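Colleague: The file below is start.csv, CSV, C-alpha atoms and all ligand atoms:
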chain,number,residue,atom,x,y,z
L,1,MET,CA,179.8,-22.4,216.3
L,2,LEU,CA,178.8,-24.9,213.7
L,3,PRO,CA,175.7,-24.1,211.6
L,4,SER,CA,173.9,-27.1,213.1
L,5,GLU,CA,174.8,-25.8,216.6
L,6,LEU,CA,173.5,-22.3,215.7
L,7,TRP,CA,170.3,-23.9,214.4
L,8,ARG,CA,169.7,-25.7,217.7
L,9,LYS,CA,170.4,-22.5,219.7
L,10,MET,CA,167.9,-20.6,217.6
L,11,VAL,CA,165.2,-23.3,218.1
L,12,GLU,CA,165.9,-23.6,221.9
L,13,GLU,CA,165.9,-19.8,222.4
L,14,GLU,CA,162.7,-19.4,220.5
L,15,HIS,CA,161.1,-22.2,222.5
L,16,ALA,CA,162.4,-20.8,225.8
L,17,GLN,CA,160.8,-17.4,224.9
L,18,SER,CA,157.5,-19.2,224.2
L,19,ASP,CA,157.7,-21.2,227.5
L,20,ALA,CA,158.4,-18.0,229.5
L,21,ARG,CA,155.2,-16.4,227.9
L,22,ARG,CA,153.2,-19.6,228.5
L,23,GLY,CA,153.9,-19.4,232.2
L,24,PRO,CA,153.2,-22.3,234.6
L,25,GLU,CA,150.7,-23.9,232.2
L,26,PRO,CA,152.3,-27.0,230.6
L,27,PRO,CA,152.7,-27.0,226.8
L,28,PRO,CA,149.7,-28.5,225.1
L,29,ALA,CA,149.9,-32.3,224.3
L,30,ASP,CA,149.0,-31.5,220.7
L,31,HIS,CA,150.2,-28.1,219.7
L,32,TRP,CA,148.5,-28.4,216.3
L,33,ALA,CA,145.0,-29.2,217.6
L,34,PRO,CA,143.7,-25.6,217.1
L,35,PHE,CA,145.3,-25.2,213.7
L,36,ALA,CA,145.0,-28.7,212.1
L,37,ALA,CA,141.8,-27.8,210.1
L,38,ASN,CA,143.9,-25.0,208.4
L,39,PHE,CA,146.0,-27.8,206.8
L,40,ALA,CA,143.1,-29.6,205.1
L,41,ALA,CA,143.1,-29.1,201.3
L,42,ASP,CA,141.4,-30.8,198.3
L,43,PRO,CA,143.9,-33.4,197.1
L,44,ARG,CA,142.7,-32.8,193.5
L,45,ARG,CA,143.1,-29.0,193.5
L,46,SER,CA,145.0,-27.8,190.5
L,47,ASP,CA,146.2,-24.3,191.7
L,48,ASP,CA,148.9,-25.4,194.2
L,49,GLN,CA,152.3,-24.2,192.9
L,50,LEU,CA,154.3,-26.5,195.1
L,51,ILE,CA,152.9,-29.9,194.0
L,52,GLY,CA,154.6,-29.8,190.5
L,53,PRO,CA,158.1,-29.1,191.9
L,54,LEU,CA,157.7,-31.6,194.7
L,55,GLY,CA,156.5,-34.3,192.3
L,56,ARG,CA,159.2,-33.6,189.7
L,57,ASP,CA,160.8,-36.9,188.6
L,58,LEU,CA,158.2,-38.8,190.6
L,59,GLU,CA,157.2,-41.9,188.5
L,60,PRO,CA,153.9,-43.7,188.9
L,61,THR,CA,155.8,-46.7,190.3
L,62,ASP,CA,157.7,-44.7,192.9
L,63,THR,CA,157.2,-44.6,196.6
L,64,LEU,CA,157.3,-41.4,198.6
L,65,MET,CA,157.7,-40.4,202.3
L,66,ASP,CA,156.3,-37.1,203.6
L,67,VAL,CA,158.0,-36.2,206.8
L,68,GLY,CA,155.7,-34.1,209.0
L,69,ALA,CA,152.9,-34.5,206.5
L,70,GLY,CA,150.4,-32.5,208.5
L,71,GLY,CA,146.9,-32.8,207.1
L,72,GLY,CA,148.3,-34.1,203.8
L,73,ARG,CA,148.4,-30.9,201.8
L,74,HIS,CA,151.3,-32.4,199.8
L,75,ALA,CA,151.1,-36.1,200.6
L,76,LEU,CA,147.6,-36.6,199.2
L,77,PRO,CA,148.1,-34.9,195.8
L,78,LEU,CA,151.4,-36.7,195.4
L,79,ALA,CA,149.7,-40.0,196.3
L,80,LEU,CA,147.6,-39.6,193.2
L,81,ARG,CA,150.8,-39.6,191.2
L,82,CYS,CA,152.8,-42.5,192.6
L,83,GLN,CA,152.4,-46.0,193.9
L,84,GLN,CA,152.6,-45.5,197.7
L,85,VAL,CA,153.0,-42.6,200.2
L,86,VAL,CA,154.1,-43.0,203.8
L,87,ALA,CA,153.0,-40.0,205.8
L,88,VAL,CA,155.0,-39.6,209.0
L,89,GLU,CA,153.2,-37.2,211.3
L,90,PRO,CA,153.3,-37.0,215.2
L,91,SER,CA,150.3,-34.8,215.8
L,92,PRO,CA,147.1,-36.7,216.5
L,93,SER,CA,144.9,-33.8,215.2
L,94,MET,CA,146.9,-33.6,212.0
L,95,CYS,CA,146.7,-37.4,211.6
L,96,ALA,CA,142.9,-37.1,212.1
L,97,VAL,CA,142.7,-34.6,209.2
L,98,LEU,CA,144.9,-36.8,207.1
L,99,LEU,CA,142.7,-39.8,207.7
L,100,GLN,CA,139.5,-38.0,207.2
L,101,LEU,CA,140.7,-36.7,203.8
L,102,THR,CA,142.1,-40.0,202.6
L,103,SER,CA,138.7,-41.6,203.3
L,104,ALA,CA,136.6,-38.7,201.9
L,105,HIS,CA,138.6,-38.8,198.7
L,106,SER,CA,139.0,-42.6,198.5
L,107,ILE,CA,142.8,-42.4,198.4
L,108,LYS,CA,144.0,-45.9,199.4
L,109,ASN,CA,147.7,-45.8,198.9
L,110,VAL,CA,148.7,-43.7,202.0
L,111,THR,CA,150.1,-45.2,205.1
L,112,ILE,CA,150.1,-43.0,208.2
L,113,VAL,CA,152.9,-43.4,210.7
L,114,GLN,CA,152.0,-41.4,213.8
L,115,SER,CA,155.5,-40.5,215.0
L,116,THR,CA,158.2,-37.9,215.0
L,117,TRP,CA,160.7,-38.4,212.2
L,118,GLU,CA,163.4,-38.9,214.9
L,119,ASP,CA,161.5,-41.9,216.3
L,120,ALA,CA,159.9,-43.3,213.1
L,121,GLU,CA,160.9,-46.8,212.1
L,122,VAL,CA,160.2,-46.9,208.4
L,123,GLU,CA,161.7,-48.5,205.3
L,124,PRO,CA,163.5,-46.5,202.6
L,125,VAL,CA,161.4,-45.1,199.7
L,126,ASP,CA,162.3,-43.5,196.4
L,127,VAL,CA,161.6,-39.8,197.3
L,128,VAL,CA,161.6,-38.2,200.7
L,129,ILE,CA,160.0,-34.8,201.2
L,130,SER,CA,159.4,-32.5,204.1
L,131,CYS,CA,157.6,-29.2,203.9
L,132,HIS,CA,157.6,-26.5,206.6
L,133,VAL,CA,158.7,-28.8,209.4
L,134,ALA,CA,162.4,-28.3,210.0
L,135,TYR,CA,162.0,-24.9,211.7
L,136,VAL,CA,161.3,-26.6,215.0
L,137,VAL,CA,163.7,-29.5,214.8
L,138,ARG,CA,166.5,-29.3,217.3
L,139,ASP,CA,168.9,-31.9,215.8
L,140,ILE,CA,168.8,-30.7,212.2
L,141,ALA,CA,171.9,-32.6,211.2
L,142,GLY,CA,170.3,-35.9,212.4
L,143,PHE,CA,167.0,-35.0,210.8
L,144,LEU,CA,168.6,-34.4,207.4
L,145,ARG,CA,170.9,-37.4,207.6
L,146,LYS,CA,167.9,-39.7,208.3
L,147,MET,CA,166.0,-38.2,205.3
L,148,ASP,CA,169.1,-38.9,203.2
L,149,ALA,CA,169.4,-42.5,204.5
L,150,HIS,CA,165.7,-43.2,203.7
L,151,ALA,CA,165.7,-42.0,200.1
L,152,ARG,CA,166.8,-43.9,197.0
L,153,LYS,CA,166.3,-41.2,194.4
L,154,MET,CA,165.7,-37.7,195.8
L,155,VAL,CA,165.2,-35.6,198.9
L,156,ARG,CA,163.3,-32.4,198.8
L,157,ILE,CA,162.7,-29.9,201.6
L,158,ILE,CA,160.5,-26.8,201.4
L,159,LEU,CA,161.1,-23.9,203.8
L,160,TYR,CA,160.6,-20.2,204.0
L,161,PRO,CA,163.6,-17.9,204.4
L,162,PHE,CA,162.3,-17.0,207.8
L,163,SER,CA,159.7,-18.1,210.3
L,164,PRO,CA,156.1,-18.6,209.1
L,165,GLN,CA,155.1,-16.9,212.3
L,166,SER,CA,156.8,-13.7,211.3
L,167,GLU,CA,153.5,-12.0,210.4
L,168,GLY,CA,152.8,-11.8,214.1
L,169,PHE,CA,156.2,-10.5,215.2
L,170,GLU,CA,155.0,-6.8,215.2
L,171,ILE,CA,152.0,-7.6,217.3
L,172,TRP,CA,154.1,-9.7,219.7
L,173,GLU,CA,156.4,-6.7,220.2
L,174,ARG,CA,153.5,-4.3,220.8
L,175,VAL,CA,151.7,-6.6,223.2
L,176,HIS,CA,154.7,-8.2,225.1
L,177,GLY,CA,157.3,-5.4,224.7
L,178,ASP,CA,160.2,-7.7,223.7
L,179,LYS,CA,161.3,-8.7,220.3
L,180,ARG,CA,160.0,-12.1,219.1
L,181,LEU,CA,162.9,-14.4,218.4
L,182,SER,CA,162.8,-16.1,215.0
L,183,LEU,CA,163.2,-19.8,214.3
L,184,PRO,CA,165.8,-20.8,211.8
L,185,GLY,CA,164.8,-21.0,208.2
L,186,LEU,CA,166.3,-21.3,204.7
L,187,PRO,CA,169.6,-19.4,205.1
L,188,GLN,CA,170.5,-21.4,208.2
L,189,LEU,CA,169.5,-24.7,206.4
L,190,LEU,CA,171.8,-24.0,203.5
L,191,ASP,CA,174.7,-23.4,206.0
L,192,VAL,CA,173.9,-26.8,207.6
L,193,MET,CA,173.9,-28.5,204.1
L,194,GLU,CA,177.4,-27.1,203.6
L,195,GLU,CA,178.5,-28.3,207.0
L,196,LEU,CA,177.2,-31.8,206.1
L,197,LYS,CA,178.9,-31.6,202.7
L,198,ILE,CA,175.7,-32.5,200.9
L,199,PRO,CA,175.6,-31.1,197.4
L,200,PHE,CA,172.2,-29.5,196.9
L,201,GLU,CA,170.1,-27.2,194.7
L,202,SER,CA,167.9,-24.5,196.1
L,203,GLU,CA,165.2,-22.8,194.0
L,204,PRO,CA,162.5,-20.2,194.9
L,205,LEU,CA,158.9,-21.4,194.2
L,206,SER,CA,155.8,-19.3,193.8
L,207,ALA,CA,155.2,-16.9,196.7
L,208,ASN,CA,152.4,-17.7,199.0
L,209,HIS,CA,149.8,-15.0,199.7
L,210,PRO,CA,149.9,-13.8,203.3
L,211,ARG,CA,147.8,-16.0,205.7
L,212,THR,CA,144.2,-15.1,205.7
L,213,TYR,CA,141.5,-15.6,208.3
L,214,ALA,CA,137.8,-16.2,207.6
L,215,THR,CA,136.6,-13.8,210.4
L,216,PRO,CA,138.2,-11.2,212.7
L,217,GLN,CA,137.3,-13.5,215.6
L,218,GLN,CA,139.4,-16.3,214.0
L,219,ALA,CA,142.3,-13.9,213.5
L,220,LEU,CA,142.1,-12.8,217.1
L,221,GLU,CA,141.9,-16.3,218.5
L,222,GLN,CA,144.8,-17.7,216.5
L,223,THR,CA,147.0,-14.7,217.0
L,224,ALA,CA,146.3,-14.8,220.8
L,225,ARG,CA,147.3,-18.5,220.8
L,226,ARG,CA,150.5,-17.7,219.0
L,227,LEU,CA,151.2,-14.9,221.6
L,228,TYR,CA,150.3,-17.2,224.5
L,229,VAL,CA,147.6,-14.8,225.6
L,230,GLN,CA,144.6,-16.5,227.3
L,231,PRO,CA,141.0,-15.3,227.0
L,232,GLY,CA,140.4,-12.9,229.9
L,233,ASP,CA,144.0,-11.7,229.9
L,234,PRO,CA,144.1,-7.8,229.7
L,235,LYS,CA,146.6,-8.3,226.8
L,236,MET,CA,143.7,-9.6,224.7
L,237,ARG,CA,142.6,-5.9,224.6
L,238,GLU,CA,146.0,-4.9,223.3
L,239,ILE,CA,145.8,-7.4,220.5
L,240,GLU,CA,142.3,-6.0,219.6
L,241,LEU,CA,143.8,-2.5,219.6
L,242,ALA,CA,146.7,-3.6,217.4
L,243,PHE,CA,144.1,-5.2,215.1
L,244,GLU,CA,142.2,-2.0,214.7
L,245,GLU,CA,145.2,-0.7,212.8
L,246,LEU,CA,146.7,-3.9,211.4
L,247,LEU,CA,143.8,-6.3,210.5
L,248,ILE,CA,142.5,-5.6,207.0
L,249,GLU,CA,139.7,-7.1,205.0
L,250,GLU,CA,140.7,-8.3,201.6
L,251,ASP,CA,139.0,-10.7,199.0
L,252,GLY,CA,136.4,-11.8,201.5
L,253,GLY,CA,138.9,-12.6,204.2
L,254,TYR,CA,141.1,-10.9,206.8
L,255,ARG,CA,144.9,-10.5,206.9
L,256,ILE,CA,147.5,-8.8,209.0
L,257,LYS,CA,148.8,-5.6,207.3
L,258,GLY,CA,152.5,-5.6,206.4
L,259,ALA,CA,152.8,-9.4,206.8
L,260,PRO,CA,155.8,-10.4,204.8
L,261,VAL,CA,155.2,-12.2,201.5
L,262,LEU,CA,156.8,-15.6,202.2
L,263,VAL,CA,158.6,-17.1,199.3
L,264,PRO,CA,159.0,-20.9,199.8
L,265,HIS,CA,162.2,-22.4,198.6
L,266,MET,CA,162.8,-26.0,197.6
L,267,VAL,CA,166.1,-27.5,198.6
L,268,SER,CA,166.8,-30.8,196.7
L,269,TRP,CA,169.6,-33.3,196.7
L,270,LYS,CA,170.4,-36.8,195.5
L,271,PRO,CA,170.8,-39.1,198.5
L,272,SER,CA,174.3,-40.3,199.2
L,273,THR,CA,173.5,-43.8,198.0
L,274,ALA,CA,172.6,-42.3,194.6
L,275,ARG,CA,175.5,-39.8,194.3
C,301,LIG,C1,153.6,-26.3,209.6
C,301,LIG,S1,153.0,-28.0,209.7
C,301,LIG,C2,153.3,-28.5,208.0
C,301,LIG,C3,152.5,-29.7,207.6
C,301,LIG,C4,152.7,-30.1,206.1
C,301,LIG,N1,154.0,-30.5,205.8
C,301,LIG,C5,152.3,-29.0,205.2
C,301,LIG,O1,153.2,-28.3,204.6
C,301,LIG,O2,151.1,-28.7,205.0
C,301,LIG,C6,154.4,-28.8,210.5
C,301,LIG,C7,154.1,-30.2,210.8
C,301,LIG,O3,155.4,-30.8,211.2
C,301,LIG,C8,155.1,-31.8,212.2
C,301,LIG,N2,156.3,-32.0,212.9
C,301,LIG,C9,156.9,-31.2,213.9
C,301,LIG,N3,158.0,-31.8,214.3
C,301,LIG,C10,158.2,-32.9,213.7
C,301,LIG,C11,159.1,-34.0,213.8
C,301,LIG,N4,160.1,-33.9,214.6
C,301,LIG,N5,159.0,-35.1,213.0
C,301,LIG,C12,157.9,-35.1,212.1
C,301,LIG,N6,157.0,-34.2,212.0
C,301,LIG,C13,157.1,-33.1,212.8
C,301,LIG,C14,154.0,-31.1,213.0
C,301,LIG,O4,153.2,-32.1,213.7
C,301,LIG,C15,153.1,-30.5,211.9
C,301,LIG,O5,152.1,-31.3,211.4
Would you mind writing the file's structure down as structure tokens?
Modeller:
Amino acid sequence: MLPSELWRKMVEEEHAQSDARRGPEPPPADHWAPFAANFAADPRRSDDQLIGPLGRDLEPTDTLMDVGAGGGRHALPLALRCQQVVAVEPSPSMCAVLLQLTSAHSIKNVTIVQSTWEDAEVEPVDVVISCHVAYVVRDIAGFLRKMDAHARKMVRIILYPFSPQSEGFEIWERVHGDKRLSLPGLPQLLDVMEELKIPFESEPLSANHPRTYATPQQALEQTARRLYVQPGDPKMREIELAFEELLIEEDGGYRIKGAPVLVPHMVSWKPSTAR
């Protein structure tokens, strides 16, 4: 099986497991609605270790595209360093966060394209980036090739070695009894890059702290959503029981004990037109 076929299989099996847990209820129209606020960040913050590497080689006259820009965690700080940013983002709730932040911070050089990358009709730019998006993309080869075709200078992808949802895998197993399947991540991406014969560099960046929650209630609600457990379901009690052991208070917030420290990696390459 080719690495890109294995990638698709992993995405489809993980999604099938989610669908089975969701039951007859249709998937939400906007998966990100309950989580979009988590992706809002001050564009002028100085403590984000990913902005420097993502903006490496970015000239003030350059244009940049952020594929799956979310609430603009990366698109907005980078917009302050270059001429124009195109933020491609399909989720209406993420686009709303992005729009609210651009307006609140008077950032005027960001164009929002509300679309998936697969469907987006956009012009090439100097630098194309995509952070924590590829995990759920079925046609990873097409996704990467389109990024390559839309960049004049550089393409950069940030991914974790394994699913960002992995902090909840132990609770999934305790509550549902089966092993949570993982989405593909960095190792599988590197195999696909080899398959596509794209020369690349991969570098580890500063490790993220485990995800924290403001309150135990927020931790419970977001974990229940990720486990497809509805309020009133007796399995809610099982999550609460697991939390008695696994939810710990730290630095004024709450986190899940034993959650893996996720080290983001940046995979960079010169697009084929520049090689
Ligand atoms: C985990 S969030 C990351 C957002 C942002 N890149 C960040 O790092 O803060 C993943 C984002 O990818 C977007 N997304 C998912 N599939 C996509 C696709 N096929 N094309 C473009 N964006 C996609 C989602 O809507 C979501 O906003």
Colleague: Under the rule that all atoms listed in the file are counted, which of L:Thr63, L:Ser4, L:Gln222, L:Ser106 is the nearest residue to Arg81 of chain L?
Modeller: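 Of all the options, L:Thr63 lies closest to Arg81 of chain L.
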Colleague: Taking into account all atoms listed in the file, which residue in the set L:Glu250, L:Asp48, L:Glu240, L:Asp178 is nearest to ligand LIG 301 (chain C)?
Modeller: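 So, comparing all the options, the nearest one is L:Asp48.
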Colleague: Quick one: pull the distance between atom CA of Met236 of chain L and atom CA of Phe39 of chain L, Å, one decimal.
Modeller: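 Atom CA of Met236 of chain L sits 25.6 Å away from atom CA of Phe39 of chain L.
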Colleague: Quick one: of L:Glu25, L:Glu5, L:Glu244, L:Glu89, who's nearest to ligand LIG 301 (chain C), counting all atoms listed in the file?
Modeller: L:Glu89
Colleague: Show me as a list in words the residues that reach within 10 Å of (168.1, -44.7, 205.2), counting all atoms listed in the file and using the file's own coordinates.
Modeller: Val122, Glu123, Pro124, Val125, Arg145, Lys146, Met147, Asp148, Ala149, His150, Ala151, Arg152, Pro271, Ser272 and Thr273 of chain L
Colleague: Rank nothing, just name the residue among L:Glu238, L:Asp42, L:Asp47, L:Asp119 nearest to Gly142 of chain L, using only C-alpha atoms.
Modeller: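 Ranking L:Glu238, L:Asp42, L:Asp47, L:Asp119 by distance to Gly142 of chain L, first place goes to L:Asp119.
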Colleague: Mind checking which residues fall within 9 Å of Val133 of chain L, counting only C-alpha atoms, ignoring those fewer than 2 positions away in the same chain, and posting them as a short mmCIF file (atom, residue, chain, number, x, y, z; two decimals) with C-alpha atoms, in the coordinates of the input?
Modeller:
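The resulting file, part-v6.cif, is shown below:
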data_model
loop_
_atom_site.label_atom_id
_atom_site.label_comp_id
_atom_site.auth_asym_id
_atom_site.auth_seq_id
_atom_site.Cartn_x
_atom_site.Cartn_y
_atom_site.Cartn_z
CA VAL L 67 158.00 -36.20 206.80
CA GLY L 68 155.70 -34.10 209.00
CA ALA L 69 152.90 -34.50 206.50
CA SER L 130 159.40 -32.50 204.10
CA CYS L 131 157.60 -29.20 203.90
CA TYR L 135 162.00 -24.90 211.70
CA VAL L 136 161.30 -26.60 215.00
CA VAL L 137 163.70 -29.50 214.80
CA ILE L 157 162.70 -29.90 201.60
CA ILE L 158 160.50 -26.80 201.40
CA LEU L 159 161.10 -23.90 203.80
#
Colleague: May I have the residues within 10 Å of ligand LIG 301 (chain C), computed using only C-alpha atoms and all ligand atoms, as a PyMOL selection string?
Modeller: chain L and resi 30-33+35-36+38-41+50+66-75+87-95+113-120+129-140+143+157-159+164-165
Colleague: Rounded to one decimal, what separation in Å do you get between atom CA of Trp172 of chain L and atom CA of Arg255 of chain L?
Modeller: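 Answer for the atom CA of Trp172 of chain L to atom CA of Arg255 of chain L separation: 15.8 Å.
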Colleague: Record the distance separating atom CA of Met65 of chain L and atom CA of Lys153 of chain L, expressed in Å with one decimal.
Modeller: 11.7 Å
Colleague: Go through L:Val261, L:Leu190, L:Leu220, L:Ala104 and flag the residue nearest Leu241 of chain L, using all atoms listed in the file for the distances.
Modeller: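 Nearest to Leu241 of chain L: L:Leu220.
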Colleague: Could you give me, as a list in words, the residues that have an atom at most 12 Å away from the point (146.7, -31.4, 186.4) in the coordinates of the file, using all atoms listed in the file?
Modeller: Pro43, Arg44, Arg45, Ser46, Asp47, Asp48, Gln49, Ile51, Gly52, Gly55, Pro77, Leu78, Leu80 and Arg81 of chain L
Colleague: Using all atoms listed in the file, can you tell me which of L:Ala242, L:Met1, L:Ala207, L:Met10 comes closest to Arg174 of chain L?
Modeller: L:Ala242
Colleague: Excluding same-chain residues fewer than 3 positions from segment 226-235 of chain L, what lies within 9 Å of it counting all atoms listed in the file, as a ChimeraX atom specification?
Modeller: /L:18-19,21-23,165,168,171-172,175-176,221-223,238-240
